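Asks: Next up is a structure, given as structure tokens.
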Amino acid sequence: MPTQSIAGLLDSLLAEVNILATRLNRGGDQHLFPSGARSVLQVLGRSGSRTVPEIARQRHTSRQNIQTLVNRLRKAGSVRVSANAAHKRSVLVDLTDAGMNQLRQIQESEAGFEDLLLARIPKEQLETATMVLRTIRLQLAEQLEQVAPPGKPQKTTVARPARLPRARGERAAEEVLSGEDDFPVNLL
């Protein structure tokens with residue numbers, strides 16, 4: 001087997017992250033909530049009532065993205081909004097009883113999958129993978145800050161490399177996530 005260059009290894013890693021993000025997003029269909037909506041439920045379940053900007057900061061995404069998710073979750077009866085005494089224009093978002101039940105179901109179904117992964121992936125590999133992905137995320141954030149003009153909000157999308165290797169039988173994430181109801185995936 002020929003030795004792969006470091007750039008080729010990075011391309012392979014990014015392709016695997018892309019495929020994983022797509023699969024995790026598709027896994028949300030069983031709960032009728034794509035991963036973005038699940039992540040909002042998880043933030044509220046962990047942290048309690050939060051404003052849309054606070055949720056966006058925790059998820060490292062835009063307020064607009066979170067507001068869209070909150071609107072959809074509110075329409076589905078999973079969250080409610082209430083007045084915020086600390087800020088008149090920024091309401092508090094909280095889980096409803098239905099939202100808490102949905103979150104509990106999600107956590108129960110995901111626990112089995114996590115147990116399977118934990119049995120197969122050594123702790124050292126998880127630590128290394130986490131460190132590598134964090135390094136990539138921080139470097140990307142630093143690069144985006146350098147590109148943004150001062151005083152202008154930075155858009156969080158990044159052009160993909162011209163060619164990413166794909167695992168056999170996999171479609172590119174752009175092809176899989178092209179539906180109008182798809183939510184952005186924010187894993188890193």
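So you can find residues: chains in the structure tokens are A, B, ... in the order shown, residues in each start at 1, and ligands are numbered from 1 in order.
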Determine which residues of region 69-99 of chain A DSSP labels as helix (DSSP H, G or I) from the backbone of this structure, then write them out as a PyMOL selection string.

Replies: chain A and resi 69-75+97-99

Asks: By how many Å are CA of Val52 (chain A) and CA of Gln64 (chain A) apart?

Replies: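 CA of Val52 (chain A) sits 8.6 Å away from CA of Gln64 (chain A).
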
Asks: Find the residue from A:Leu24, A:Val43, A:Ile19, A:Ala56 that sits nearest to Asp94 (chain A); use only C-alpha atoms when measuring.

Replies: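 With only C-alpha atoms as the atom set, the closest residue is A:Val43.
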
Asks: Identify which of the residues A:Ile121, A:Ala21, A:Ile136, A:Ile55 lies closest to Leu92 (chain A), counting only C-alpha atoms when measuring atom-to-atom distances.

Replies: A:Ile55
